Amino acid sequence: MNGAQLYDLLFPVVTRESAWRPRLISQLVAGLPVTTTPPGEAASSGPVILDVGAGTGTQALAIADAAPHARVIAVEPGSNVHAARQKPNPHQVEFLQGEAQALPLAAGSVDRIVISLALHHMSAPVRREALAEFRRVLKPDGRLHVVEFGKPSDPFMRAASAFARRLDDYDGMRDPYAGRIPAILIAAGFHVRPGRRRRTPGGVIEVTEAWLAA
Ligand SMILES: C[S@@+](CC[C@H](N)C(=O)[O-])C[C@H]1O[C@@H](n2cnc3c(N)ncnc32)[C@H](O)[C@@H]1O
């Protein structure tokens, strides 16, 4: 078993993925304009959904299943992008190797951005650059959905978070665990609507919806 396969096996358990991912995808695709694309053909003029830090591509492929009329672009800097490209891809998700802070996309070209558990892998300056990029590529009425760890809600979550932090990105998790993700998004020029908090074996996970402040 390679690293990407192990990741795909453990990630759903550690993050209790079934508690938040299906709802996230429904929220993400809600309200998108609907066009019809024949099966097996790439959607060229439909809405554009961008998955940043897409890892092994599980989420981007599920988004494309939920919105087959959309053009789904997944950006991932690591070698997991190669694993993503090996997976069945009936709706032709575009897997690009790249970083959040330098998105290979035109200004005002994206309807939805989702970033799941990737912001905590960025230093504060890189995170600021990434959020500036999200502002640049989003359409004025676009939406950003951020999945991140949140402030532990009780002693059990504090213990789970402390353990997960040692295994993951110790410094990067400081702001998420302090509950600062909404404030960071506001400082970057977004309005925010915090979502439901989920208790998971890896700690509290929150989905925050954000949109451009005028
Ligand atoms: C925990 S994984 C999450 C993968 C996927 N979003 C998911 O929910 O399954 C975090 C991902 O963030 C990516 N990442 C780290 N720094 C990044 C950056 N500067 N820009 C974009 N992605 C980044 C990593 O390569 C990794 O694949």
# chains A, B, ... in the order shown; residues from 1 in each chain; ligands from 1
call {"tool": "residues_near_ligand", "arguments": {"ligand": "ligand 1", "cutoff": "9 Å", "atoms": "only C-alpha atoms and all ligand atoms", "output": "number ranges by chain"}}
result
A: 7-8, 11-12, 17, 21, 51-60, 75-81, 97-103, 114-123, 126-127, 130, 147, 168
call {"tool": "residues_around", "arguments": {"residues": "Val110 of chain A", "least_positions_apart": "5", "cutoff": "8 Å", "atoms": "only C-alpha atoms", "output": "list in words"}}
result
Pro47, Val48, Ile49, Leu50, Val137, Leu138, Lys139 and Gly142 of chain A
call {"tool": "write_last_selection", "arguments": {"atoms": "C-alpha atoms", "output": "compact mmCIF listing (two decimals), in the first residue's frame"}}
result
# COMPACT_ATOMS: atom_id res chain seq x y z
CA PRO A 47 -19.85 27.22 -13.42
CA VAL A 48 -16.30 26.81 -12.15
CA ILE A 49 -15.52 25.12 -8.82
CA LEU A 50 -11.98 25.17 -7.45
CA VAL A 137 -10.03 34.56 -8.71
CA LEU A 138 -13.53 34.58 -7.18
CA LYS A 139 -16.38 36.12 -9.14
CA GLY A 142 -18.65 33.75 -5.58
call {"tool": "atom_distance", "arguments": {"atom1": "atom CA of Leu61 of chain A", "atom2": "atom CA of Leu28 of chain A"}}
result
13.4 Å
call {"tool": "closest_residue", "arguments": {"among": "A:Ile63, A:Gln5, A:Gly172, A:Leu10", "to": "Ala30 of chain A", "atoms": "only C-alpha atoms"}}
result
A:Ile63
call {"tool": "closest_atom_pairs", "arguments": {"of": "segment 96-172 of chain A", "to": "segment 179-195 of chain A", "cutoff": "10 Å", "atoms": "only C-alpha atoms", "output": "CSV"}}
result
residue,atom,partner,partner_atom,distance
A:Leu119,CA,A:Ile181,CA,9.2
A:His120,CA,A:Ile181,CA,9.7
A:Ala124,CA,A:Ile184,CA,9.6
A:Arg127,CA,A:Ile184,CA,9.2
A:Arg128,CA,A:Ala188,CA,7.0
A:Glu129,CA,A:Ala188,CA,9.4
A:Ala130,CA,A:Ala188,CA,9.7
A:Leu131,CA,A:Ala188,CA,6.3
A:Ala132,CA,A:Ala188,CA,6.9
A:Phe134,CA,A:Ala188,CA,9.7
A:Arg135,CA,A:Gly189,CA,7.9
A:Arg143,CA,A:Phe190,CA,9.7
A:Leu144,CA,A:Phe190,CA,8.9
A:His145,CA,A:Val192,CA,9.5
A:Val146,CA,A:Ile181,CA,8.7
A:Val147,CA,A:Gly195,CA,9.5
A:Glu148,CA,A:Ile181,CA,7.7
A:Phe149,CA,A:Gly179,CA,8.2
A:Gly150,CA,A:Gly179,CA,5.2
A:Lys151,CA,A:Gly179,CA,4.7
A:Pro152,CA,A:Gly179,CA,8.5
call {"tool": "residues_around", "arguments": {"residues": "Glu94 of chain A", "least_positions_apart": "6", "cutoff": "7 Å", "atoms": "only C-alpha atoms", "output": "list in words"}}
result
Val72, Ile73 and Ala74 of chain A
call {"tool": "residues_around", "arguments": {"residues": "Arg196 of chain A", "least_positions_apart": "3", "cutoff": "9 Å", "atoms": "only C-alpha atoms", "output": "PDB file with C-alpha atoms, in the first residue's frame"}}
result
ATOM      1  CA  TRP A  20     -19.343  16.985   7.182  1.00  0.00           C
ATOM      2  CA  ILE A 205     -13.907  20.394  12.422  1.00  0.00           C
ATOM      3  CA  GLU A 206     -15.790  23.468  11.218  1.00  0.00           C
ATOM      4  CA  VAL A 207     -16.968  24.557   7.783  1.00  0.00           C
ATOM      5  CA  THR A 208     -17.005  28.335   7.347  1.00  0.00           C
TER       6      THR A 208
END
call {"tool": "atom_distance", "arguments": {"atom1": "atom CA of Gly46 of chain A", "atom2": "atom CA of His91 of chain A"}}
result
12.6 Å
call {"tool": "residues_around", "arguments": {"residues": "Arg199 of chain A", "least_positions_apart": "2", "cutoff": "9 Å", "atoms": "only C-alpha atoms", "output": "VMD selection string"}}
result
chain A and resid 15 to 16 19 152 to 153 157 197 201 to 205
call {"tool": "select_by_dssp", "arguments": {"residues": "segment 28-181 of chain A", "states": "strand (DSSP E)", "output": "ChimeraX atom specification"}}
result
/A:48-52,71-76,94-97,110-116,138-149
call {"tool": "atom_distance", "arguments": {"atom1": "atom CA of Val14 of chain A", "atom2": "atom CA of Val29 of chain A"}}
result
25.1 Å
call {"tool": "closest_residue", "arguments": {"among": "A:Gln86, A:Ser109, A:Thr200, A:Gln27", "to": "Ala66 of chain A", "atoms": "only C-alpha atoms"}}
result
A:Gln27
call {"tool": "select_by_dssp", "arguments": {"residues": "segment 23-200 of chain A", "states": "alpha helix (DSSP H)", "output": "PyMOL selection string"}}
result
chain A and resi 23-29+58-66+80-86+124-137+155-167+174-177+181-187
call {"tool": "residues_around", "arguments": {"residues": "Asn89 of chain A", "least_positions_apart": "4", "cutoff": "9 Å", "atoms": "only C-alpha atoms", "output": "list in words"}}
result
Leu61, Ala64, Arg85 and Val93 of chain A
call {"tool": "write_last_selection", "arguments": {"atoms": "N, CA and C atoms", "output": "short mmCIF file (atom, residue, chain, number, x, y, z; two decimals), in the first residue's frame"}}
result
data_model
loop_
_atom_site.label_atom_id
_atom_site.label_comp_id
_atom_site.auth_asym_id
_atom_site.auth_seq_id
_atom_site.Cartn_x
_atom_site.Cartn_y
_atom_site.Cartn_z
N LEU A 61 -13.45 14.86 -6.96
CA LEU A 61 -14.20 13.89 -7.77
C LEU A 61 -15.65 13.80 -7.28
N ALA A 64 -17.54 16.82 -8.52
CA ALA A 64 -17.89 16.67 -9.94
C ALA A 64 -19.07 15.73 -10.12
N ARG A 85 -4.68 11.77 -10.25
CA ARG A 85 -4.81 11.62 -11.71
C ARG A 85 -5.02 10.17 -12.12
N VAL A 93 -12.46 16.09 -14.04
CA VAL A 93 -11.86 17.06 -13.12
C VAL A 93 -10.45 17.36 -13.62
#
call {"tool": "decode", "arguments": {"residues": "segment 115-141 of chain A", "atoms": "N, CA and C atoms", "output": "mmCIF file, in the first residue's frame"}}
result
data_model
loop_
_atom_site.group_PDB
_atom_site.id
_atom_site.type_symbol
_atom_site.label_atom_id
_atom_site.label_comp_id
_atom_site.auth_asym_id
_atom_site.auth_seq_id
_atom_site.Cartn_x
_atom_site.Cartn_y
_atom_site.Cartn_z
ATOM 1 N N ILE A 115 -11.589 24.778 0.338
ATOM 2 C CA ILE A 115 -10.262 24.378 0.831
ATOM 3 C C ILE A 115 -10.478 23.600 2.121
ATOM 4 N N SER A 116 -10.122 22.317 2.082
ATOM 5 C CA SER A 116 -10.407 21.422 3.205
ATOM 6 C C SER A 116 -9.122 21.024 3.909
ATOM 7 N N LEU A 117 -8.997 21.454 5.133
ATOM 8 C CA LEU A 117 -7.900 21.048 6.014
ATOM 9 C C LEU A 117 -6.530 21.274 5.374
ATOM 10 N N ALA A 118 -6.424 22.338 4.601
ATOM 11 C CA ALA A 118 -5.143 22.682 3.972
ATOM 12 C C ALA A 118 -4.611 24.022 4.473
ATOM 13 N N LEU A 119 -5.484 24.920 4.944
ATOM 14 C CA LEU A 119 -5.000 26.231 5.409
ATOM 15 C C LEU A 119 -4.000 26.071 6.546
ATOM 16 N N HIS A 120 -4.213 25.037 7.390
ATOM 17 C CA HIS A 120 -3.312 24.892 8.546
ATOM 18 C C HIS A 120 -1.926 24.376 8.147
ATOM 19 N N HIS A 121 -1.745 24.072 6.873
ATOM 20 C CA HIS A 121 -0.404 23.684 6.407
ATOM 21 C C HIS A 121 0.388 24.898 5.913
ATOM 22 N N MET A 122 -0.214 26.077 5.988
ATOM 23 C CA MET A 122 0.465 27.276 5.465
ATOM 24 C C MET A 122 0.921 28.169 6.610
ATOM 25 N N SER A 123 2.081 28.799 6.436
ATOM 26 C CA SER A 123 2.516 29.805 7.399
ATOM 27 C C SER A 123 1.571 31.005 7.287
ATOM 28 N N ALA A 124 1.595 31.892 8.273
ATOM 29 C CA ALA A 124 0.688 33.051 8.230
ATOM 30 C C ALA A 124 0.894 33.897 6.969
ATOM 31 N N PRO A 125 2.133 34.199 6.553
ATOM 32 C CA PRO A 125 2.293 34.998 5.323
ATOM 33 C C PRO A 125 1.762 34.277 4.078
ATOM 34 N N VAL A 126 2.013 32.956 3.989
ATOM 35 C CA VAL A 126 1.517 32.201 2.827
ATOM 36 C C VAL A 126 -0.009 32.167 2.847
ATOM 37 N N ARG A 127 -0.566 31.983 4.036
ATOM 38 C CA ARG A 127 -2.037 31.954 4.166
ATOM 39 C C ARG A 127 -2.635 33.286 3.699
ATOM 40 N N ARG A 128 -1.973 34.407 4.058
ATOM 41 C CA ARG A 128 -2.471 35.720 3.610
ATOM 42 C C ARG A 128 -2.424 35.814 2.086
ATOM 43 N N GLU A 129 -1.323 35.331 1.503
ATOM 44 C CA GLU A 129 -1.210 35.361 0.022
ATOM 45 C C GLU A 129 -2.283 34.485 -0.608
ATOM 46 N N ALA A 130 -2.529 33.326 0.000
ATOM 47 C CA ALA A 130 -3.545 32.410 -0.540
ATOM 48 C C ALA A 130 -4.923 33.063 -0.497
ATOM 49 N N LEU A 131 -5.250 33.709 0.618
ATOM 50 C CA LEU A 131 -6.581 34.329 0.731
ATOM 51 C C LEU A 131 -6.717 35.498 -0.245
ATOM 52 N N ALA A 132 -5.599 36.204 -0.499
ATOM 53 C CA ALA A 132 -5.623 37.280 -1.502
ATOM 54 C C ALA A 132 -5.873 36.681 -2.892
ATOM 55 N N GLU A 133 -5.288 35.513 -3.154
ATOM 56 C CA GLU A 133 -5.523 34.826 -4.429
ATOM 57 C C GLU A 133 -6.993 34.408 -4.550
ATOM 58 N N PHE A 134 -7.578 33.940 -3.442
ATOM 59 C CA PHE A 134 -8.992 33.532 -3.485
ATOM 60 C C PHE A 134 -9.855 34.754 -3.842
ATOM 61 N N ARG A 135 -9.526 35.891 -3.239
ATOM 62 C CA ARG A 135 -10.271 37.128 -3.557
ATOM 63 C C ARG A 135 -10.125 37.460 -5.046
ATOM 64 N N ARG A 136 -8.921 37.290 -5.556
ATOM 65 C CA ARG A 136 -8.650 37.649 -6.963
ATOM 66 C C ARG A 136 -9.437 36.767 -7.926
ATOM 67 N N VAL A 137 -9.437 35.454 -7.695
ATOM 68 C CA VAL A 137 -10.027 34.559 -8.707
ATOM 69 C C VAL A 137 -11.539 34.402 -8.554
ATOM 70 N N LEU A 138 -12.083 34.737 -7.366
ATOM 71 C CA LEU A 138 -13.533 34.575 -7.184
ATOM 72 C C LEU A 138 -14.314 35.597 -8.008
ATOM 73 N N LYS A 139 -15.451 35.161 -8.534
ATOM 74 C CA LYS A 139 -16.383 36.118 -9.135
ATOM 75 C C LYS A 139 -16.973 36.970 -8.007
ATOM 76 N N PRO A 140 -17.488 38.158 -8.318
ATOM 77 C CA PRO A 140 -18.000 39.026 -7.249
ATOM 78 C C PRO A 140 -19.062 38.342 -6.387
ATOM 79 N N ASP A 141 -19.877 37.456 -6.988
ATOM 80 C CA ASP A 141 -20.907 36.769 -6.195
ATOM 81 C C ASP A 141 -20.465 35.346 -5.814
#
